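Reading through the structure tokens given below for one structure.
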Amino acid sequence: MNNKEKVPYFCIKNERSQPVEIMALKQISSNKCFEGFQKVFEHDSIELKCKMRFGIYLPPKAEIGKCPVLYWLSGLTCTEQNFITKSGFHQAAAEHGLIVVAPDTSPRGCNIEGEDESWDFGTGAGFYVDATEEPWKTNYRMYSYIKDELPKLIKANFPADSERMSIFGHSMGGHGALILALKNPGKYKSVSAFAPICNPVQCPWGKKAFGGYLGSDLTKWEAYDATHLVKSYPDSHLDILIDQGKDDQFLSAGQLLPDNFIAACTERKIPVVFRLQQGYDHSYFFIATFVNDHIRHHAKYLNA
């Protein structure tokens, strides 16, 4: 496929058996990597009402059959590029036969007043919620985009086994991975995170984002807070892996609050492996060091 070649339209059915139009994909780039291909596509998002890009790694096994899918959610200010160019995940994904999908972190170019004014709200900071407040609620629906639209797009266009999905992420994306797994029991086979924002209703980043996107009703906030969600999670069949750098400046600043999440998991008897990594910070150098462990964690469940 040439870089600018378009994938044809697909029509699939949603849960109510109504046809759902899946927009055409435009391939932006394709690079061979560990005998598979790292590609980037652009499409018109129905949920977000703008053009969105995502990266997708197709391992060698994807040429001969369907593969499980691992979704990666990035952190504040990131695009689809950060993980696919900095983390070094490709060799492990190729060896375990995993498709890895890395979407963008927010809608872009929506011409909303204030969307580009700060690095931790608006563009690059969708926080994986469905906004309920003006002027954000029309476009800022990252939760539904990740949960519904993107998996349908992947299933319709790639050799993906939609029954075998897992999810992981970093910082804001670690928050996103945890809440998506906790709000949708059974949808994901496993979940992991690097330095996740574990209790956003209690930290400055979360208060700013949730106040802007969700308004003043704290019950709306708690519906997107992993520490609150885990308290009502219906069973213990979720194996959670979290890596956290001990020298992470955002840990010491009170933005991540992993202790609150661990306490809630312990109370509910939900297994969580929390690894405090001496000397590591919040950067992609930290992610690159431990990403193979996370790939193996997910492969154990996806290839079971």
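Each chain of the structure tokens is named A, B, ... in the order shown, its residues numbered from 1; ligands are numbered from 1 in display order.
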
Within 8 Å of stretch 284-300 of chain A, counting only C-alpha atoms, which residues show up once you throw out same-chain ones fewer than 2 positions away? Write them as a PyMOL selection string, please. chain A and resi 70+86-89+92-93+96+98+166+189-192+194+241+243+245+280-282+302-304

For the residues selected in the previous step, produce a file with C-alpha atoms as a tab-separated table (two decimals), in the first residue's frame.
```tsv
chain	number	residue	atom	x	y	z
A	70	LEU	CA	-2.78	-4.27	23.02
A	86	LYS	CA	10.66	6.25	22.04
A	87	SER	CA	9.59	3.16	23.97
A	88	GLY	CA	11.31	0.37	22.04
A	89	PHE	CA	8.35	-2.01	22.37
A	92	ALA	CA	8.76	-7.86	22.24
A	93	ALA	CA	5.46	-7.22	20.41
A	96	HIS	CA	4.66	-12.37	21.19
A	98	LEU	CA	0.73	-8.67	19.46
A	166	SER	CA	-5.55	-5.58	26.75
A	189	LYS	CA	-7.72	-9.42	29.50
A	190	SER	CA	-5.15	-7.44	31.49
A	191	VAL	CA	-4.10	-3.91	32.37
A	192	SER	CA	-0.84	-2.21	33.30
A	194	PHE	CA	3.60	3.38	34.08
A	241	LEU	CA	0.88	-4.29	36.98
A	243	ASP	CA	5.70	0.52	37.54
A	245	GLY	CA	9.83	5.65	39.23
A	280	TYR	CA	13.83	6.34	37.64
A	281	ASP	CA	11.84	9.44	36.67
A	282	HIS	CA	8.67	10.09	34.63
A	302	LEU	CA	-3.66	-12.48	25.46
A	303	ASN	CA	-1.98	-15.67	24.26
A	304	ALA	CA	-3.46	-17.95	26.95
```

Write out as a PyMOL selection string all residues of stretch 82-226 of chain A that backbone DSSP assigns to strand (DSSP E). chain A and resi 99-103+160-170+191-194

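Take the candidates A:Pro103, A:Pro258, A:Gly36, A:Pro271 and check each one against A:Pro151 using only C-alpha atoms; the shortest distance goes to A:Pro103.
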
Backbone DSSP call of helix (DSSP H, G or I) for stretch 38-247 of chain A, listed as a VMD selection string: chain A and resid 60 to 63 81 to 86 90 to 96 142 to 157 172 to 183 200 to 202 204 to 214 218 to 222 226 to 232

Given only C-alpha atoms as the counted atoms, nearest of A:Cys33, A:Ala177, A:Ala62, A:Ile146 to A:Ile242: A:Ala177

Here atom CA of A:Lys66 and atom CA of A:Phe34 stand apart by 18.0 Å
